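Enquirer: Data: my_file_13.cif, mmCIF, C-alpha atoms.
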```cif
data_target
#
loop_
_atom_site.label_atom_id
_atom_site.label_comp_id
_atom_site.auth_asym_id
_atom_site.auth_seq_id
_atom_site.Cartn_x
_atom_site.Cartn_y
_atom_site.Cartn_z
CA MET V 1 0.00 0.00 0.00
CA SER V 2 1.11 3.55 -0.64
CA SER V 3 2.29 5.65 2.26
CA THR V 4 0.81 8.80 0.75
CA PRO V 5 -2.41 9.91 2.37
CA THR V 6 -5.53 9.16 0.43
CA ALA V 7 -7.75 11.94 -0.75
CA PRO V 8 -11.31 11.96 0.57
CA ASP V 9 -12.55 9.56 -2.09
CA GLY V 10 -15.82 7.67 -2.05
CA VAL V 11 -16.19 3.99 -1.32
CA GLY V 12 -16.56 3.34 -5.04
CA THR V 13 -13.26 5.04 -5.84
CA LEU V 14 -11.40 3.33 -3.00
CA SER V 15 -12.87 -0.05 -3.88
CA GLY V 16 -11.91 0.52 -7.52
CA GLN V 17 -8.34 1.26 -6.46
CA ALA V 18 -8.21 -1.86 -4.28
CA PHE V 19 -9.65 -3.97 -7.09
CA ALA V 20 -7.16 -2.56 -9.62
CA ALA V 21 -4.30 -3.43 -7.25
CA TYR V 22 -5.75 -6.93 -6.81
CA LEU V 23 -5.90 -7.40 -10.57
CA ALA V 24 -2.30 -6.19 -10.81
CA GLY V 25 -1.23 -9.02 -8.50
CA ASP V 26 -1.47 -7.56 -4.98
CA ARG V 27 -3.72 -10.33 -3.63
CA GLN V 28 -3.79 -8.72 -0.16
CA ARG V 29 -5.90 -5.86 -1.56
CA LEU V 30 -8.87 -8.19 -1.96
CA SER V 31 -9.25 -8.08 1.82
CA ASP V 32 -9.28 -4.26 1.68
CA LEU V 33 -11.91 -4.40 -1.03
CA VAL V 34 -14.11 -6.74 1.00
CA ASP V 35 -13.82 -4.48 4.07
CA LEU V 36 -14.79 -1.42 2.01
CA VAL V 37 -17.77 -2.87 0.17
CA THR V 38 -19.34 -5.20 2.75
CA PRO V 39 -21.36 -2.50 4.62
CA VAL V 40 -22.77 -1.16 1.35
CA LEU V 41 -23.53 -4.67 0.07
CA TRP V 42 -25.14 -5.66 3.36
CA HIS V 43 -27.57 -2.77 3.31
CA ALA V 44 -28.29 -3.14 -0.40
CA ALA V 45 -29.14 -6.80 0.28
CA ARG V 46 -31.26 -6.10 3.36
CA ALA V 47 -33.16 -3.42 1.46
CA GLN V 48 -34.44 -6.20 -0.81
CA GLY V 49 -36.50 -7.59 2.09
CA ALA V 50 -34.59 -10.80 2.69
CA SER V 51 -33.53 -12.48 5.92
CA ALA V 52 -30.07 -11.92 7.37
CA SER V 53 -28.92 -15.40 6.39
CA THR V 54 -30.12 -14.93 2.81
CA CYS V 55 -28.26 -11.63 2.64
CA GLU V 56 -25.09 -13.24 4.00
CA ASP V 57 -25.34 -15.98 1.37
CA ALA V 58 -25.93 -13.43 -1.41
CA ILE V 59 -22.92 -11.34 -0.39
CA GLN V 60 -20.68 -14.39 -0.13
CA THR V 61 -21.82 -15.56 -3.56
CA ALA V 62 -21.19 -12.11 -5.06
CA LEU V 63 -17.68 -11.98 -3.62
CA LEU V 64 -16.93 -15.47 -4.91
CA GLN V 65 -18.22 -14.47 -8.36
CA LEU V 66 -15.96 -11.43 -8.22
CA VAL V 67 -12.91 -13.63 -7.65
CA ASP V 68 -14.01 -16.05 -10.37
CA ARG V 69 -14.80 -13.31 -12.90
CA ALA V 70 -12.27 -10.65 -11.89
CA GLU V 71 -10.54 -10.71 -15.26
CA THR V 72 -13.81 -9.97 -17.08
CA ILE V 73 -14.39 -6.67 -15.26
CA LYS V 74 -12.79 -4.15 -17.58
CA GLU V 75 -13.31 -1.04 -15.44
CA PRO V 76 -12.07 -1.42 -11.83
CA ALA V 77 -13.93 1.74 -10.77
CA ALA V 78 -17.22 -0.02 -11.57
CA VAL V 79 -16.59 -2.90 -9.17
CA LEU V 80 -18.87 -1.57 -6.40
CA GLY V 81 -21.81 -1.09 -8.77
CA TRP V 82 -21.15 -4.54 -10.26
CA LEU V 83 -21.16 -6.12 -6.79
CA VAL V 84 -24.37 -4.33 -5.76
CA VAL V 85 -26.15 -5.60 -8.88
CA VAL V 86 -24.88 -9.16 -8.31
CA VAL V 87 -25.96 -9.06 -4.64
CA LYS V 88 -29.46 -7.83 -5.50
CA ARG V 89 -29.91 -10.45 -8.20
CA GLU V 90 -28.64 -13.18 -5.90
CA VAL V 91 -31.02 -12.08 -3.12
CA TRP V 92 -33.92 -12.15 -5.57
CA ARG V 93 -32.88 -15.61 -6.78
CA LEU V 94 -32.54 -16.94 -3.24
CA VAL V 95 -35.85 -15.44 -2.10
CA ARG V 96 -37.65 -16.97 -5.09
CA GLY V 97 -36.17 -20.33 -4.12
CA GLU V 98 -37.23 -19.89 -0.49
CA ARG V 99 -40.76 -19.06 -1.56
CA ARG V 100 -40.93 -22.20 -3.69
CA GLU V 101 -39.68 -24.31 -0.81
CA ILE V 102 -41.85 -22.96 2.02
CA GLY V 103 -44.76 -21.37 0.21
CA VAL V 104 -45.38 -17.69 -0.43
CA GLU V 105 -47.83 -17.32 2.45
CA GLU V 106 -45.13 -18.34 4.96
CA VAL V 107 -42.58 -15.71 3.88
CA PRO V 108 -42.73 -12.64 6.14
CA GLU V 109 -43.74 -9.49 4.28
CA ALA V 110 -40.84 -7.35 5.48
CA PRO V 111 -38.14 -9.50 7.07
CA ALA V 112 -35.58 -6.69 6.73
CA GLN V 113 -37.56 -4.71 9.28
CA GLN V 114 -38.03 -7.50 11.80
CA LEU V 115 -35.45 -7.98 14.52
CA ASP V 116 -34.61 -11.13 16.38
CA PRO V 117 -34.89 -11.07 20.21
CA GLU V 118 -31.15 -10.63 20.70
CA SER V 119 -31.04 -7.64 18.39
CA GLN V 120 -34.07 -6.10 20.07
CA SER V 121 -32.42 -6.30 23.46
CA ILE V 122 -29.21 -4.74 22.14
CA LEU V 123 -30.80 -1.81 20.34
CA GLY V 124 -31.71 1.20 22.41
CA GLU V 125 -35.18 2.65 22.44
CA ARG V 126 -34.14 5.58 20.24
CA GLN V 127 -32.69 3.24 17.63
CA ARG V 128 -35.87 1.17 17.56
CA VAL V 129 -37.97 4.32 17.14
CA LEU V 130 -35.68 5.53 14.35
CA TRP V 131 -35.89 2.25 12.42
CA GLN V 132 -39.66 2.12 12.90
CA HIS V 133 -39.92 5.50 11.22
CA ILE V 134 -37.51 4.53 8.44
CA ALA V 135 -39.65 1.45 7.81
CA VAL V 136 -42.67 3.60 6.89
CA LEU V 137 -40.77 5.65 4.31
CA SER V 138 -41.09 4.72 0.66
CA PRO V 139 -38.98 1.76 -0.47
CA ARG V 140 -36.85 4.18 -2.55
CA CYS V 141 -36.10 6.31 0.52
CA GLN V 142 -35.36 3.26 2.66
CA GLU V 143 -32.90 1.86 0.12
CA LEU V 144 -31.16 5.20 -0.47
CA LEU V 145 -30.84 6.04 3.22
CA ARG V 146 -29.53 2.58 4.08
CA VAL V 147 -26.87 2.69 1.40
CA ILE V 148 -25.78 6.25 2.16
CA ALA V 149 -26.00 5.96 5.94
CA PHE V 150 -23.64 3.02 6.16
CA ALA V 151 -21.00 4.18 3.69
CA ASP V 152 -18.21 6.20 5.28
CA LYS V 153 -17.76 8.22 2.11
CA PRO V 154 -20.69 7.65 -0.23
CA ASP V 155 -19.74 7.42 -3.90
CA TYR V 156 -22.70 9.02 -5.64
CA ALA V 157 -21.75 7.65 -9.06
CA ALA V 158 -21.77 4.06 -7.77
CA ILE V 159 -24.95 4.66 -5.78
CA ALA V 160 -26.66 6.17 -8.82
CA ALA V 161 -25.68 3.19 -10.95
CA SER V 162 -26.74 0.60 -8.38
CA LEU V 163 -30.07 2.25 -7.55
CA GLY V 164 -30.88 3.27 -11.12
CA MET V 165 -31.09 6.96 -10.25
CA PRO V 166 -29.59 9.97 -12.01
CA ILE V 167 -26.56 11.11 -10.01
CA GLY V 168 -27.97 14.62 -9.74
CA SER V 169 -31.14 13.38 -8.05
CA ILE V 170 -29.42 11.54 -5.18
CA GLY V 171 -28.80 14.64 -3.03
CA PRO V 172 -32.27 16.15 -3.48
CA THR V 173 -33.95 12.75 -3.00
CA ARG V 174 -31.89 12.13 0.14
CA GLY V 175 -32.89 15.59 1.41
CA ARG V 176 -36.59 14.91 0.84
CA CYS V 177 -36.31 11.52 2.51
CA LEU V 178 -34.51 12.99 5.52
CA ASP V 179 -37.12 15.78 5.75
CA LYS V 180 -39.92 13.20 5.84
CA LEU V 181 -38.00 11.27 8.50
CA ARG V 182 -37.46 14.43 10.61
CA VAL V 183 -41.16 15.33 10.47
CA SER V 184 -42.16 11.78 11.36
CA LEU V 185 -39.69 11.58 14.24
CA GLY V 186 -40.64 15.05 15.48
CA SER V 187 -44.23 13.96 15.97
CA ASP V 188 -43.26 10.82 17.93
CA PRO V 189 -43.12 11.27 21.72
CA GLY V 190 -40.80 8.24 21.90
CA TRP V 191 -38.17 10.24 19.98
CA ALA V 192 -38.22 13.34 22.19
CA VAL V 193 -35.00 13.97 24.10
#
```
Would you mind writing the file's structure down as structure tokens?

Expert:
Amino acid sequence: MSSTPTAPDGVGTLSGQAFAAYLAGDRQRLSDLVDLVTPVLWHAARAQGASASTCEDAIQTALLQLVDRAETIKEPAAVLGWLVVVVKREVWRLVRGERREIGVEEVPEAPAQQLDPESQSILGERQRVLWQHIAVLSPRCQELLRVIAFADKPDYAAIAASLGMPIGSIGPTRGRCLDKLRVSLGSDPGWAV
């Protein structure tokens, strides 16, 4: 790795750099890439409404496909968008398979918004209230806020590509979503300080 400080790049840029180094033979950079993209992939997968285990399987599959198909990706800077698309498709494929196995009526409507007992006990009351209010936002707002909220340095170009949004609409859409969330939280006595 270079000893020069990195500029404040987005996750997409940093992941592209790590992937380019991996392709050039620095196999250690794959670990850096995985560390960079996993939070974004996790929230992109969960936004599809799948269980935690399905999301874990989808992310693992996407990362394995990346290793298997690394040489076919011509533009390293596009690796984050490529991974997000692969994760979403894999989640959809896995969820379809689950529905065939257990029947559509047995699949929870919004598993991404349900918490297991351990998670409920760990989360504070304010966090539960926050996620309850996020859960009532539009699916577009939920997906955008999850991806942006969990990326240290959001890469708007990669986010735009993965969510199918014009890059110029991400900021205004995020602002509208956050405004709706503020209004909703402001009217909830459980959110008051």

Enquirer: From the list V:Asp155, V:Glu71, V:Glu143, V:Asp179, which residue is nearest Ala47 (chain V) when using only C-alpha atoms?

Expert: V:Glu143

Enquirer: Counting only C-alpha atoms, note down every residue that has an atom within 10 Å of the point (-31.3, 4.6, 3.6) (file coordinates), as a ChimeraX atom specification.

Expert: /V:43-44,47,134-135,137,139-150,174,177-178

Enquirer: Deliver the residues from the most recent selection as a file, using C-alpha atoms, as a short mmCIF file (atom, residue, chain, number, x, y, z; two decimals), in the frame of the given file.

Expert:
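Below is the file part-v4.cif, written as the result:
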```
data_model
loop_
_atom_site.label_atom_id
_atom_site.label_comp_id
_atom_site.auth_asym_id
_atom_site.auth_seq_id
_atom_site.Cartn_x
_atom_site.Cartn_y
_atom_site.Cartn_z
CA HIS V 43 -27.57 -2.77 3.31
CA ALA V 44 -28.29 -3.14 -0.40
CA ALA V 47 -33.16 -3.42 1.46
CA ILE V 134 -37.51 4.53 8.44
CA ALA V 135 -39.65 1.45 7.81
CA LEU V 137 -40.77 5.65 4.31
CA PRO V 139 -38.98 1.76 -0.47
CA ARG V 140 -36.85 4.18 -2.55
CA CYS V 141 -36.10 6.31 0.52
CA GLN V 142 -35.36 3.26 2.66
CA GLU V 143 -32.90 1.86 0.12
CA LEU V 144 -31.16 5.20 -0.47
CA LEU V 145 -30.84 6.04 3.22
CA ARG V 146 -29.53 2.58 4.08
CA VAL V 147 -26.87 2.69 1.40
CA ILE V 148 -25.78 6.25 2.16
CA ALA V 149 -26.00 5.96 5.94
CA PHE V 150 -23.64 3.02 6.16
CA ARG V 174 -31.89 12.13 0.14
CA CYS V 177 -36.31 11.52 2.51
CA LEU V 178 -34.51 12.99 5.52
#
```

Enquirer: Restricting the calculation to all atoms listed in the file: of V:Val84, V:Ala50, V:Val79, V:Val67, which residue gets closest to Arg96 (chain V)?

Expert: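 For Arg96 (chain V), the nearest of the candidates is V:Ala50.
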
Enquirer: For a test of reading the model, state the distance in Å between CA of His133 (chain V) and CA of Leu185 (chain V), rounded to one decimal.

Expert: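 We find that CA of His133 (chain V) and CA of Leu185 (chain V) lie 6.8 Å from each other.
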
Enquirer: Residues within 10 Å of Tyr156 (chain V), please, as a list of chain:residue names. Count only C-alpha atoms; anything in the same chain fewer than 6 positions from it doesn't count.

Expert: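 Skipping anything fewer than 6 positions along the chain leaves V:Gly10, V:Val11, V:Gly12, V:Ile148, V:Ser162, V:Met165, V:Pro166, V:Ile167, V:Gly168, V:Ser169, V:Ile170, V:Gly171.
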
Enquirer: I need every residue sitting at most 12 Å from the point (-29.3, -16.4, 3.4) (coordinates as in the file, all atoms listed in the file considered), written as number ranges by chain.

Expert: V: 42, 45-46, 49-61, 87, 90-98, 111

Enquirer: Report the distance between CA of Leu36 (chain V) and CA of Pro172 (chain V) in Å, rounded to one decimal place.

Expert: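 A separation of 25.4 Å between them.
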
Enquirer: Can you measure CA of Leu14 (chain V) to CA of Ile159 (chain V) for me? One decimal in Å is fine.

Expert: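 A separation of 13.9 Å between them.
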
Enquirer: List the residues selected by the PyMOL selection byres ((chain V and resi 76) around 6) in the file shown, writing them as a list in words.

Expert: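 That expression, the PyMOL selection byres ((chain V and resi 76) around 6), corresponds here to Gly16, Phe19, Ala20, Glu75, Ala77, Ala78 and Val79 of chain V.
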
Enquirer: Write out the residues from the selection above, keeping C-alpha atoms, as a PDB file, in the frame of the given file.

Expert:
```
ATOM      1  CA  GLY V  16     -11.910   0.520  -7.520  1.00  0.00           C
ATOM      2  CA  PHE V  19      -9.650  -3.970  -7.090  1.00  0.00           C
ATOM      3  CA  ALA V  20      -7.160  -2.560  -9.620  1.00  0.00           C
ATOM      4  CA  GLU V  75     -13.310  -1.040 -15.440  1.00  0.00           C
ATOM      5  CA  ALA V  77     -13.930   1.740 -10.770  1.00  0.00           C
ATOM      6  CA  ALA V  78     -17.220  -0.020 -11.570  1.00  0.00           C
ATOM      7  CA  VAL V  79     -16.590  -2.900  -9.170  1.00  0.00           C
TER       8      VAL V  79
END
```

Enquirer: Counting all atoms listed in the file, which residue out of V:Leu23, V:Pro189, V:Asp32, V:Arg128 sits closest to Thr72 (chain V)?

Expert: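 The answer is V:Leu23, which sits nearest to Thr72 (chain V).
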
Enquirer: Considering only C-alpha atoms, can you say which of V:Gln132, V:Arg89, V:Ser15, V:Arg69 comes closest to Gly190 (chain V)?

Expert: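 Closest candidate: V:Gln132.
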
Enquirer: Please give the centre and size of the box around region 73-87 of chain V (axis-aligned, containing every atom listed in the file, 6 Å added per side), with values in Å to one decimal and written as lines of an AutoDock Vina configuration file.

Expert:
```
center_x = -19.1
center_y = -3.7
center_z = -11.1
size_x = 26.1
size_y = 22.9
size_z = 24.9
```
